[in-house]
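> Input structure-v8.txt, format and content: compact mmCIF, C-alpha atoms and all ligand atoms.
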# COMPACT_ATOMS: atom_id res chain seq x y z
CA MET A 90 -17.48 20.11 -17.72
CA THR A 91 -15.36 23.25 -17.21
CA PRO A 92 -13.10 23.87 -14.20
CA ASP A 93 -15.66 26.43 -12.97
CA ASP A 94 -18.51 23.90 -13.23
CA LEU A 95 -16.42 21.50 -11.21
CA ARG A 96 -15.62 24.16 -8.60
CA ASP A 97 -19.38 24.75 -8.27
CA ARG A 98 -19.93 21.08 -7.60
CA LEU A 99 -17.01 20.91 -5.16
CA SER A 100 -18.47 23.79 -3.15
CA SER A 101 -21.06 21.31 -1.86
CA ILE A 102 -18.30 19.80 0.34
CA ASP A 103 -17.96 21.38 3.77
CA ASP A 104 -14.71 21.43 5.71
CA PRO A 105 -15.78 19.78 9.00
CA ASP A 106 -13.58 22.08 11.10
CA LEU A 107 -13.43 25.44 9.35
CA GLY A 108 -17.16 26.02 9.06
CA ASP A 109 -16.94 26.79 5.36
CA ASP A 110 -16.97 24.86 2.10
CA VAL A 111 -13.74 23.68 0.50
CA VAL A 112 -13.91 26.16 -2.37
CA SER A 113 -14.67 29.33 -0.35
CA SER A 114 -12.03 28.42 2.24
CA GLY A 115 -9.37 28.22 -0.49
CA LEU A 116 -8.74 24.51 -0.01
CA VAL A 117 -9.31 23.91 -3.72
CA ARG A 118 -6.43 25.61 -5.51
CA GLU A 119 -5.97 24.91 -9.25
CA VAL A 120 -8.50 22.85 -11.18
CA THR A 121 -7.82 21.70 -14.73
CA VAL A 122 -9.96 19.41 -16.85
CA GLY A 123 -8.79 17.48 -19.89
CA ASP A 124 -8.90 13.99 -21.46
CA GLY A 125 -11.55 12.81 -19.04
CA THR A 126 -9.41 13.69 -16.02
CA ALA A 127 -9.81 16.47 -13.46
CA SER A 128 -6.49 17.50 -11.91
CA ILE A 129 -7.07 19.28 -8.64
CA ASN A 130 -4.49 20.80 -6.35
CA LEU A 131 -5.69 21.01 -2.76
CA ALA A 132 -4.25 23.03 0.11
CA LEU A 133 -4.36 19.96 2.35
CA GLY A 134 -2.01 20.43 5.27
CA ALA A 135 -0.97 17.06 6.69
CA VAL A 136 -0.12 13.69 5.25
CA HIS A 137 -2.12 10.84 6.80
CA SER A 138 -4.55 13.07 8.64
CA PRO A 139 -7.77 11.02 8.88
CA THR A 140 -9.92 14.15 8.45
CA GLU A 141 -8.04 15.27 5.36
CA ASN A 142 -8.04 11.76 3.89
CA ALA A 143 -11.83 11.80 4.24
CA LEU A 144 -12.02 15.26 2.63
CA ALA A 145 -9.88 14.10 -0.31
CA GLU A 146 -12.17 11.08 -0.72
CA GLU A 147 -15.21 13.38 -0.87
CA VAL A 148 -13.48 15.45 -3.56
CA ARG A 149 -12.73 12.29 -5.53
CA SER A 150 -16.33 11.12 -5.38
CA VAL A 151 -17.69 14.52 -6.56
CA VAL A 152 -15.25 14.35 -9.49
CA ARG A 153 -16.35 10.80 -10.33
CA GLU A 154 -20.02 11.82 -10.14
CA ALA A 155 -19.15 14.47 -12.73
CA GLY A 156 -17.95 11.67 -15.03
CA LEU A 157 -14.23 12.41 -14.67
CA ASP A 158 -11.21 10.61 -13.22
CA PRO A 159 -9.79 12.43 -10.19
CA ASP A 160 -6.10 13.25 -10.06
CA LEU A 161 -5.40 14.99 -6.75
CA SER A 162 -2.24 16.67 -5.53
CA ALA A 163 -1.69 18.64 -2.34
CA THR A 164 0.38 21.72 -1.50
CA PRO A 165 0.15 22.75 2.14
CA GLU A 166 0.16 26.37 3.26
CA ARG A 167 3.44 26.38 5.19
CA LYS A 168 5.00 28.92 7.51
CA PRO A 169 6.86 31.51 5.42
CA GLY A 170 10.58 30.62 5.21
CA ALA A 171 10.14 27.09 6.64
CA GLU A 172 11.67 25.39 3.60
CA GLN A 173 14.93 27.33 3.95
CA VAL A 174 15.47 26.34 7.58
CA LEU A 175 14.73 22.63 7.36
CA PRO A 176 14.67 21.68 3.69
CA GLY A 177 12.75 18.51 2.98
CA VAL A 178 10.94 18.51 6.33
CA ASP A 179 7.27 19.24 5.93
CA ALA A 180 5.92 19.66 9.49
CA VAL A 181 7.69 20.01 12.83
CA VAL A 182 5.80 18.92 15.95
CA ALA A 183 7.45 19.81 19.27
CA VAL A 184 6.43 17.68 22.25
CA ALA A 185 6.66 19.70 25.46
CA SER A 186 5.86 19.54 29.14
CA GLY A 187 6.07 21.96 32.02
CA LYS A 188 7.35 19.29 34.36
CA GLY A 189 9.72 16.32 34.12
CA GLY A 190 8.61 12.72 34.23
CA VAL A 191 5.09 13.22 32.92
CA GLY A 192 5.69 11.00 29.89
CA LYS A 193 6.78 13.52 27.28
CA SER A 194 9.40 11.21 25.67
CA THR A 195 6.92 8.34 25.81
CA VAL A 196 4.35 10.41 23.94
CA ALA A 197 7.00 11.69 21.48
CA SER A 198 8.29 8.20 20.63
CA ASN A 199 4.79 6.71 20.33
CA LEU A 200 3.66 9.67 18.24
CA ALA A 201 6.62 9.28 15.87
CA ALA A 202 6.13 5.50 15.54
CA GLY A 203 2.35 5.97 15.24
CA LEU A 204 2.69 8.47 12.39
CA ALA A 205 5.20 6.18 10.64
CA ASP A 206 2.77 3.29 11.12
CA ARG A 207 0.15 5.34 9.26
CA GLY A 208 2.56 5.50 6.33
CA ALA A 209 4.22 8.90 6.91
CA SER A 210 7.97 9.56 6.64
CA VAL A 211 8.94 10.51 10.15
CA GLY A 212 12.00 11.71 12.04
CA LEU A 213 12.46 12.19 15.76
CA PHE A 214 14.94 14.70 17.13
CA ASP A 215 15.58 14.22 20.83
CA ALA A 216 16.49 17.66 22.17
CA ASP A 217 15.98 16.63 25.80
CA VAL A 218 19.51 17.36 26.99
CA TYR A 219 18.65 16.37 30.56
CA GLY A 220 17.43 12.88 29.67
CA PRO A 221 17.76 11.99 26.01
CA ASN A 222 15.94 8.68 26.18
CA ALA A 223 13.58 8.82 23.22
CA PRO A 224 16.06 6.84 21.02
CA GLN A 225 16.08 4.03 23.58
CA MET A 226 12.28 4.05 23.62
CA LEU A 227 12.40 3.56 19.85
CA GLY A 228 14.99 0.79 20.11
CA VAL A 229 17.85 2.81 18.60
CA GLU A 230 21.31 1.98 19.85
CA ALA A 231 23.48 2.92 16.90
CA ALA A 232 25.00 6.39 16.66
CA PRO A 233 24.41 8.31 13.44
CA GLU A 234 26.84 7.60 10.58
CA ILE A 235 28.94 10.48 9.36
CA GLU A 236 28.83 10.68 5.58
CA ASP A 237 30.15 13.02 2.97
CA ILE A 238 27.09 14.46 1.22
CA ASP A 239 27.61 17.09 -1.48
CA GLY A 240 31.07 17.89 -0.10
CA GLU A 241 29.85 18.32 3.49
CA LYS A 242 30.14 16.04 6.49
CA ARG A 243 26.56 15.17 7.49
CA LEU A 244 25.04 12.96 10.16
CA VAL A 245 22.81 10.23 8.78
CA PRO A 246 20.35 9.23 11.51
CA PRO A 247 19.71 5.52 12.16
CA GLU A 248 16.17 4.27 11.56
CA SER A 249 13.96 2.15 13.77
CA HIS A 250 10.26 1.27 13.39
CA GLY A 251 10.26 3.49 10.30
CA VAL A 252 11.49 6.54 12.26
CA GLU A 253 14.81 8.31 11.61
CA VAL A 254 16.24 9.18 15.00
CA ALA A 255 18.80 11.79 16.02
CA SER A 256 19.54 12.82 19.57
CA VAL A 257 21.60 15.45 21.33
CA GLY A 258 22.74 12.55 23.55
CA SER A 259 24.34 10.50 20.81
CA LEU A 260 25.64 13.55 18.95
CA VAL A 261 27.51 15.42 21.66
CA GLY A 262 27.81 12.88 24.48
CA ASP A 263 26.88 13.73 28.02
CA ASP A 264 30.20 15.19 29.10
CA ASP A 265 29.63 18.86 28.43
CA PRO A 266 26.50 20.18 30.15
CA VAL A 267 27.85 23.75 29.94
CA ILE A 268 27.05 24.07 26.26
CA TRP A 269 23.37 23.74 27.10
CA ARG A 270 23.32 27.18 28.69
CA GLY A 271 22.48 30.45 27.01
CA PRO A 272 24.06 31.33 23.66
CA MET A 273 26.17 28.15 23.70
CA ALA A 274 23.02 26.05 23.75
CA HIS A 275 21.68 28.03 20.85
CA SER A 276 24.74 27.63 18.64
CA ALA A 277 25.22 23.94 19.57
CA LEU A 278 21.61 23.12 18.69
CA THR A 279 21.63 25.19 15.52
CA ASP A 280 24.77 23.35 14.37
CA LEU A 281 23.18 20.01 15.11
CA PHE A 282 20.02 20.85 13.20
CA ASP A 283 22.15 21.84 10.22
CA ASP A 284 24.25 18.70 10.38
CA VAL A 285 21.53 16.03 10.34
CA ALA A 286 20.70 14.72 6.87
CA TRP A 287 17.03 13.72 7.10
CA THR A 288 15.91 11.91 3.98
CA GLY A 289 12.80 14.02 3.41
CA LEU A 290 10.18 13.90 6.13
CA ASP A 291 6.45 14.45 6.40
CA TYR A 292 6.84 14.97 10.17
CA LEU A 293 9.77 15.77 12.42
CA VAL A 294 8.84 15.16 16.06
CA VAL A 295 11.05 17.10 18.49
CA ASP A 296 11.25 15.90 22.09
CA LEU A 297 11.94 19.05 24.12
CA PRO A 298 13.40 19.09 27.63
CA PRO A 299 10.80 19.79 30.33
CA GLY A 300 10.15 23.38 31.37
CA THR A 301 11.14 26.58 29.60
CA GLY A 302 14.95 26.78 29.56
CA ASP A 303 17.49 27.84 26.93
CA VAL A 304 17.08 24.73 24.81
CA GLN A 305 13.33 25.12 24.43
CA MET A 306 13.76 28.77 23.53
CA SER A 307 16.42 27.88 20.95
CA VAL A 308 14.24 25.25 19.33
CA LEU A 309 11.33 27.69 19.07
CA GLN A 310 13.64 30.41 17.73
CA THR A 311 15.52 28.22 15.27
CA LEU A 312 13.11 25.64 13.90
CA PRO A 313 9.95 26.32 11.95
CA VAL A 314 7.84 24.55 14.58
CA THR A 315 4.43 23.91 13.05
CA GLY A 316 2.84 23.30 16.44
CA ALA A 317 3.51 22.07 19.95
CA LEU A 318 1.89 19.16 21.71
CA VAL A 319 1.74 19.68 25.47
CA VAL A 320 1.87 16.66 27.76
CA THR A 321 0.74 16.84 31.37
CA THR A 322 -0.35 14.48 34.11
CA PRO A 323 -3.69 15.27 35.76
CA GLN A 324 -2.54 16.63 39.14
CA ALA A 325 -2.34 20.36 39.92
CA VAL A 326 1.46 20.51 40.38
CA ALA A 327 1.86 19.30 36.81
CA THR A 328 -0.85 21.41 35.23
CA ASP A 329 0.43 24.57 36.99
CA ASP A 330 3.90 24.06 35.48
CA THR A 331 2.34 23.26 32.13
CA ARG A 332 0.36 26.51 32.17
CA ARG A 333 3.61 28.43 32.69
CA SER A 334 5.42 26.67 29.86
CA MET A 335 2.53 27.33 27.47
CA ARG A 336 3.14 31.06 27.81
CA ALA A 337 6.57 30.52 26.20
CA PHE A 338 4.92 29.17 23.06
CA GLY A 339 2.80 32.28 22.86
CA GLU A 340 5.93 34.45 22.98
CA PHE A 341 7.32 32.68 19.91
CA ASP A 342 4.00 32.58 18.07
CA THR A 343 4.09 28.79 18.17
CA PRO A 344 0.59 27.35 17.95
CA VAL A 345 -0.27 24.70 20.51
CA LEU A 346 -1.86 21.73 18.73
CA GLY A 347 -3.40 20.47 21.94
CA VAL A 348 -3.04 19.10 25.45
CA VAL A 349 -2.60 15.39 26.23
CA GLU A 350 -3.31 14.09 29.71
CA ASN A 351 -1.00 11.18 30.45
CA MET A 352 -1.17 8.55 33.24
CA ARG A 353 -4.81 9.31 33.91
CA THR A 354 -6.49 6.05 34.86
CA PHE A 355 -4.98 2.80 36.04
CA VAL A 356 -7.14 -0.28 35.55
CA CYS A 357 -6.17 -2.98 38.04
CA PRO A 358 -5.40 -6.15 36.05
CA ASP A 359 -6.65 -8.36 38.90
CA CYS A 360 -9.96 -6.77 39.87
CA GLU A 361 -10.50 -4.52 36.82
CA SER A 362 -11.38 -1.55 39.02
CA ALA A 363 -10.24 1.87 37.75
CA HIS A 364 -8.05 4.18 39.87
CA ASP A 365 -7.15 7.78 39.12
CA VAL A 366 -3.71 7.60 40.74
CA PHE A 367 -2.72 11.18 39.85
CA GLY A 368 -6.27 12.54 39.87
CA ALA A 369 -8.36 13.07 36.78
CA GLY A 370 -9.36 15.87 34.48
CA GLY A 371 -6.53 18.36 35.19
CA GLY A 372 -5.42 18.29 31.55
CA GLU A 373 -8.98 18.72 30.35
CA GLU A 374 -9.52 21.68 32.67
CA LEU A 375 -6.28 23.25 31.50
CA ALA A 376 -7.36 22.88 27.88
CA ASP A 377 -10.77 24.38 28.69
CA GLU A 378 -9.27 27.28 30.55
CA THR A 379 -6.74 28.11 27.81
CA GLY A 380 -9.15 27.45 24.94
CA LEU A 381 -6.82 24.81 23.46
CA PRO A 382 -7.89 21.45 22.08
CA TYR A 383 -7.94 18.55 24.51
CA LEU A 384 -6.48 15.62 22.60
CA GLY A 385 -7.45 12.98 25.11
CA ALA A 386 -6.22 10.94 28.05
CA LEU A 387 -3.69 8.12 28.02
CA PRO A 388 -4.06 5.53 30.80
CA LEU A 389 -1.39 4.61 33.33
CA ASP A 390 -0.59 1.18 31.93
CA PRO A 391 2.48 -0.94 32.65
CA ALA A 392 2.49 -1.97 28.97
CA VAL A 393 3.44 1.63 28.08
CA ARG A 394 6.53 1.47 30.30
CA GLU A 395 7.43 -2.00 29.03
CA GLY A 396 7.17 -0.82 25.42
CA GLY A 397 9.49 2.09 26.22
CA ASP A 398 12.02 -0.12 27.98
CA ASP A 399 11.96 -2.73 25.19
CA GLY A 400 12.37 -0.15 22.45
CA THR A 401 9.06 -1.06 20.81
CA PRO A 402 6.53 1.71 21.40
CA LEU A 403 3.16 0.36 22.50
CA VAL A 404 1.45 2.20 19.64
CA LEU A 405 2.69 -0.65 17.43
CA GLY A 406 1.18 -3.28 19.72
CA GLU A 407 -2.23 -4.64 20.60
CA GLY A 408 -4.94 -3.63 23.05
CA GLU A 409 -6.96 -0.64 24.15
CA THR A 410 -4.02 1.53 25.27
CA ALA A 411 -2.22 0.90 21.96
CA GLU A 412 -5.40 1.94 20.16
CA THR A 413 -5.55 5.16 22.25
CA PHE A 414 -1.97 6.01 21.21
CA ARG A 415 -2.84 5.26 17.57
CA SER A 416 -5.80 7.59 17.60
CA LEU A 417 -3.66 10.27 19.27
CA ALA A 418 -1.26 10.11 16.30
CA GLY A 419 -4.24 10.59 13.97
CA ARG A 420 -5.54 13.52 16.00
CA VAL A 421 -2.14 15.23 15.96
CA ALA A 422 -1.98 14.84 12.17
CA ASP A 423 -5.52 16.26 12.02
CA LYS A 424 -4.47 19.30 14.07
CA VAL A 425 -1.43 19.96 11.86
CA GLY A 426 -3.69 19.78 8.82
CA LEU A 427 -6.30 22.04 10.37
CA LEU A 428 -3.70 24.61 11.36
CA ARG A 429 -2.52 24.84 7.77
CA ARG A 430 -5.99 24.84 6.23
CA HIS A 431 -6.82 27.61 8.64
CA ARG A 432 -3.72 29.54 7.57
CA ARG A 433 -4.72 29.05 3.93
CA MET A 434 -8.24 30.30 4.67
CA LYS A 435 -6.88 33.37 6.44
CA ASN A 436 -4.56 34.11 3.52
CA VAL A 437 -7.36 33.67 1.01
CA ALA A 438 -9.69 35.83 3.12
CA GLY A 439 -6.92 38.42 3.59
CA SER A 440 -6.17 38.65 -0.12
CA GLU A 441 -9.86 39.00 -0.93
CA GLY A 442 -10.67 41.32 1.95
CA VAL A 443 -13.06 38.84 3.54
CA VAL A 444 -13.14 38.39 7.30
CA SER A 445 -12.48 34.79 8.32
CA SER A 446 -14.78 33.20 10.86
CA ALA A 447 -12.51 30.24 11.62
CA THR A 448 -11.23 29.66 15.10
CA HIS A 449 -7.88 28.40 16.33
CA PRO A 450 -7.79 24.63 15.82
N1 LIG B 1 0.97 6.17 30.42
C1 LIG B 1 1.99 5.57 31.04
N2 LIG B 1 1.80 4.40 31.71
C2 LIG B 1 2.85 3.79 32.33
N3 LIG B 1 4.10 4.26 32.35
C3 LIG B 1 4.33 5.42 31.70
C4 LIG B 1 3.31 6.14 31.01
N4 LIG B 1 3.85 7.25 30.46
C5 LIG B 1 5.16 7.23 30.78
N5 LIG B 1 5.45 6.14 31.53
C6 LIG B 1 6.76 5.77 32.10
O1 LIG B 1 7.14 6.82 32.99
C7 LIG B 1 8.54 7.06 32.90
C8 LIG B 1 8.78 8.53 32.55
O2 LIG B 1 8.31 8.75 31.24
P1 LIG B 1 9.10 9.67 30.19
O3 LIG B 1 10.57 9.39 30.23
O4 LIG B 1 8.40 9.55 28.91
O5 LIG B 1 8.81 11.09 30.84
P2 LIG B 1 9.39 12.51 30.42
O6 LIG B 1 8.32 13.47 30.71
O7 LIG B 1 9.91 12.47 29.05
O8 LIG B 1 10.58 12.67 31.44
P3 LIG B 1 11.83 13.69 31.36
O9 LIG B 1 11.67 14.51 32.58
O10 LIG B 1 13.02 12.77 31.40
O11 LIG B 1 11.76 14.46 30.11
C9 LIG B 1 9.08 6.09 31.87
O12 LIG B 1 9.59 4.96 32.52
C10 LIG B 1 7.85 5.71 31.06
O13 LIG B 1 7.95 4.40 30.50
Any chance you could give the structure as structure tokens?


Amino acid sequence: MTPDDLRDRLSSIDDPDLGDDVVSSGLVREVTVGDGTASINLALGAVHSPTENALAEEVRSVVREAGLDPDLSATPERKPGAEQVLPGVDAVVAVASGKGGVGKSTVASNLAAGLADRGASVGLFDADVYGPNAPQMLGVEAAPEIEDIDGEKRLVPPESHGVEVASVGSLVGDDDPVIWRGPMAHSALTDLFDDVAWTGLDYLVVDLPPGTGDVQMSVLQTLPVTGALVVTTPQAVATDDTRRSMRAFGEFDTPVLGVVENMRTFVCPDCESAHDVFGAGGGEELADETGLPYLGALPLDPAVREGGDDGTPLVLGEGETAETFRSLAGRVADKVGLLRRHRRMKNVAGSEGVVSSATHP
């Protein structure tokens, strides 16, 4: 069995999202065969993405059918220059909203804990200068330790539920709101990003402040944001603001991974009847209208608020709502992976002069 024979066999596997097989789309990078083992490097984009795990499993079974032992490795197609800005951080997911109070920090903390629960190394940076409460939602009370690392003073973030957590709140205190304006905000945030010593992360979740102010712009300018997750509640006042804030992502070429509709349905615990307190479907319509993926609806459930107040995100708990948060974490990982596989496909097509037919994830 030569590497080319194996590539032929692997081309029977279709990427479920890109509309092409894994060889033509460039997902299969190097293939070497020796001593009964096939070593294959794949351009998989996201650790613990259910779709990519399934793809890797298909590759393994084709290799086994060919009478070889599979040895897979993965190198994602990253944004150019990303490694220089945040070394050791693989993907940055910014959680945004057009309006305050729609549950952005709740989604960010559950997403971070949910990804960690899937086995990923995860950090959460709370950049919400107006209400840095994501650490509390993750049960973090300790401030970061200052340690001397390679001759530099660095901030070592505390960990909770498997998530390393750093926050503008604990780092600068709440006594100087002026720095969060204009160029000051930019330099303060840039310094903070440089100072935090993450231990090597698969995902860094960034909780942005609501709206489109200086801090959001700085994050998009400074960090290699892989994609943004947009949280909205269903009613028109929220979706209108969300639509406006999405334009900002376009200006910084930041892909939007998808729209999440929070606080959609409340199921009465006494009579089990369902109520759409803030309306229904606004997030779905917004996604339809903008052509972005709709990542689903999260119910209005007191257990979500209790989890946030107790510092144990509901995603780690039991029940239907917890399951919805868990599958959201999987879908976000899937979107990160798809974005990178798509980038790989475009690069492969570009270098070979082939026109790609893939769509935005
Ligand atoms: N699906 C939900 N069901 C019940 N309560 C929720 C839900 N989502 C969020 N909450 C609660 O609503 C409140 C506001 O949520 P959160 O702080 O996450 O919003 P935010 O959009 O981050 O607000 P901010 O404007 O401070 O950035 C919190 O008390 C939270 O526990």

> Residues within 12 Å of segment 101-106 of chain A, please, as a PyMOL selection string. Count all atoms listed in the file; anything in the same chain fewer than 4 positions from it doesn't count.

chain A and resi 94-97+110-117+132-133+139-152+423-424+426-431+434+446-450

> List as a ChimeraX atom specification the protein and nucleic acid residues lying within 10 Å of ligand LIG 1 (chain B), with only C-alpha atoms and all ligand atoms counted.

/A:184-199,216-223,226,296-300,320-322,350-355,386-399,402,410,414

> Looking at all atoms listed in the file, which of A:Ser100, A:Ser138, A:Gln173, A:Thr379 is the one that sits closest to Arg415 of chain A?

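Ranked by minimum distance to Arg415 of chain A, first place goes to A:Ser138.
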
> To one decimal in Å, tell me the separation between atom CA of Ala171 of chain A and atom CA of Gln310 of chain A.

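Computing it gives 12.1 Å between the two atoms.
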
> For atom CA of Pro233 of chain A and atom CA of Pro246 of chain A, determine how far apart the two atoms are, in Å to one decimal place.

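Computed distance, atom CA of Pro233 of chain A to atom CA of Pro246 of chain A, equals 4.6 Å.
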
> Which residue gives the smallest distance to Ala369 of chain A among A:Val308, A:Ala255, A:Leu405, A:Ala327, with all atoms listed in the file counted?

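The shortest atom-to-atom distance to Ala369 of chain A comes from A:Ala327.
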
> From the list A:Asn436, A:Thr279, A:Ser362, A:Thr401, which residue is nearest Leu312 of chain A when using all atoms listed in the file?

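With all atoms listed in the file as the atom set, the closest residue is A:Thr279.
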
> Could you check which residues have any atom within 9 Å of (-16.8, 18.0, -20.2), counting all atoms listed in the file with coordinates taken straight from the file, and then list them as an mmCIF file with C-alpha atoms, in the frame of the given file?


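So part.cif came out as:
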data_model
loop_
_atom_site.group_PDB
_atom_site.id
_atom_site.type_symbol
_atom_site.label_atom_id
_atom_site.label_comp_id
_atom_site.auth_asym_id
_atom_site.auth_seq_id
_atom_site.Cartn_x
_atom_site.Cartn_y
_atom_site.Cartn_z
ATOM 1 C CA MET A 90 -17.480 20.110 -17.720
ATOM 2 C CA THR A 91 -15.360 23.250 -17.210
ATOM 3 C CA VAL A 122 -9.960 19.410 -16.850
ATOM 4 C CA GLY A 123 -8.790 17.480 -19.890
ATOM 5 C CA ASP A 124 -8.900 13.990 -21.460
ATOM 6 C CA GLY A 125 -11.550 12.810 -19.040
ATOM 7 C CA ALA A 155 -19.150 14.470 -12.730
ATOM 8 C CA GLY A 156 -17.950 11.670 -15.030
ATOM 9 C CA LEU A 157 -14.230 12.410 -14.670
#

> Rank A:Leu381, A:Leu175, A:Ala363, A:Leu200 by their smallest atom-to-atom distance to Thr288 of chain A, using only C-alpha atoms, and report the top residue only.

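For Thr288 of chain A, the nearest of the given residues is A:Leu175.
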
> Between atom CA of Glu253 of chain A and atom CA of Phe341 of chain A, what is the spacing in Å?

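Atom CA of Glu253 of chain A lies 26.8 Å from atom CA of Phe341 of chain A.
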
> Edge lengths and centre in Å to one decimal, as lines of an AutoDock Vina configuration file, is what I'm after for the box along x, y and z that holds all listed atoms of segment 125-130 of chain A once 6 Å is added on each side.


center_x = -8.0
center_y = 16.8
center_z = -12.7
size_x = 19.1
size_y = 20.0
size_z = 24.7

> Just checking: using all atoms listed in the file, which residue out of A:Asp206, A:Asp215, A:Val437, A:Thr164 ends up closest to Ser416 of chain A?

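Of A:Asp206, A:Asp215, A:Val437, A:Thr164, the one nearest Ser416 of chain A is A:Asp206, counting all atoms listed in the file.
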
> Using only C-alpha atoms, give me every residue within 10 Å of (-4.0, 28.0, -11.4) in file coordinates, as a PyMOL selection string.

chain A and resi 118-121+129-130

> Gly212 of chain A: which residues within 7 Å, counting only C-alpha atoms, same-chain residues fewer than 2 positions away excluded, as a list in words?

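The filter keeps Phe214, Val252, Glu253, Val254, Leu290, Tyr292, Leu293 and Val294 of chain A.
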
> Regenerate segment 397-417 of chain A at the level of N, CA and C atoms and dump it as an mmCIF file, in the frame of the given file.


data_model
loop_
_atom_site.group_PDB
_atom_site.id
_atom_site.type_symbol
_atom_site.label_atom_id
_atom_site.label_comp_id
_atom_site.auth_asym_id
_atom_site.auth_seq_id
_atom_site.Cartn_x
_atom_site.Cartn_y
_atom_site.Cartn_z
ATOM 1 N N GLY A 397 8.385 1.120 26.217
ATOM 2 C CA GLY A 397 9.490 2.090 26.220
ATOM 3 C C GLY A 397 10.805 1.418 26.563
ATOM 4 N N ASP A 398 10.781 0.552 27.572
ATOM 5 C CA ASP A 398 12.020 -0.120 27.980
ATOM 6 C C ASP A 398 12.519 -1.094 26.915
ATOM 7 N N ASP A 399 11.563 -1.735 26.228
ATOM 8 C CA ASP A 399 11.960 -2.730 25.190
ATOM 9 C C ASP A 399 12.345 -2.079 23.879
ATOM 10 N N GLY A 400 12.058 -0.813 23.725
ATOM 11 C CA GLY A 400 12.370 -0.150 22.450
ATOM 12 C C GLY A 400 11.345 -0.425 21.375
ATOM 13 N N THR A 401 10.158 -0.871 21.779
ATOM 14 C CA THR A 401 9.060 -1.060 20.810
ATOM 15 C C THR A 401 7.853 -0.305 21.334
ATOM 16 N N PRO A 402 7.631 0.903 20.852
ATOM 17 C CA PRO A 402 6.530 1.710 21.400
ATOM 18 C C PRO A 402 5.196 0.957 21.327
ATOM 19 N N LEU A 403 4.414 1.106 22.396
ATOM 20 C CA LEU A 403 3.160 0.360 22.500
ATOM 21 C C LEU A 403 2.206 0.652 21.341
ATOM 22 N N VAL A 404 2.336 1.843 20.740
ATOM 23 C CA VAL A 404 1.450 2.200 19.640
ATOM 24 C C VAL A 404 1.478 1.139 18.529
ATOM 25 N N LEU A 405 2.573 0.380 18.470
ATOM 26 C CA LEU A 405 2.690 -0.650 17.430
ATOM 27 C C LEU A 405 2.130 -1.992 17.905
ATOM 28 N N GLY A 406 1.644 -2.009 19.163
ATOM 29 C CA GLY A 406 1.180 -3.280 19.720
ATOM 30 C C GLY A 406 -0.327 -3.435 19.688
ATOM 31 N N GLU A 407 -0.802 -4.306 20.570
ATOM 32 C CA GLU A 407 -2.230 -4.640 20.600
ATOM 33 C C GLU A 407 -2.883 -4.040 21.830
ATOM 34 N N GLY A 408 -4.200 -3.999 21.843
ATOM 35 C CA GLY A 408 -4.940 -3.630 23.050
ATOM 36 C C GLY A 408 -5.466 -2.208 23.028
ATOM 37 N N GLU A 409 -6.239 -1.925 24.081
ATOM 38 C CA GLU A 409 -6.960 -0.640 24.150
ATOM 39 C C GLU A 409 -6.011 0.553 24.267
ATOM 40 N N THR A 410 -4.954 0.399 25.094
ATOM 41 C CA THR A 410 -4.020 1.530 25.270
ATOM 42 C C THR A 410 -3.279 1.801 23.957
ATOM 43 N N ALA A 411 -2.897 0.736 23.260
ATOM 44 C CA ALA A 411 -2.220 0.900 21.960
ATOM 45 C C ALA A 411 -3.136 1.653 21.004
ATOM 46 N N GLU A 412 -4.414 1.293 21.041
ATOM 47 C CA GLU A 412 -5.400 1.940 20.160
ATOM 48 C C GLU A 412 -5.520 3.433 20.525
ATOM 49 N N THR A 413 -5.465 3.755 21.827
ATOM 50 C CA THR A 413 -5.550 5.160 22.250
ATOM 51 C C THR A 413 -4.357 5.941 21.714
ATOM 52 N N PHE A 414 -3.157 5.346 21.761
ATOM 53 C CA PHE A 414 -1.970 6.010 21.210
ATOM 54 C C PHE A 414 -2.108 6.180 19.693
ATOM 55 N N ARG A 415 -2.678 5.163 19.027
ATOM 56 C CA ARG A 415 -2.840 5.260 17.570
ATOM 57 C C ARG A 415 -3.778 6.406 17.211
ATOM 58 N N SER A 416 -4.866 6.511 17.975
ATOM 59 C CA SER A 416 -5.800 7.590 17.600
ATOM 60 C C SER A 416 -5.205 8.943 17.964
ATOM 61 N N LEU A 417 -4.334 8.997 18.971
ATOM 62 C CA LEU A 417 -3.660 10.270 19.270
ATOM 63 C C LEU A 417 -2.810 10.715 18.075
#
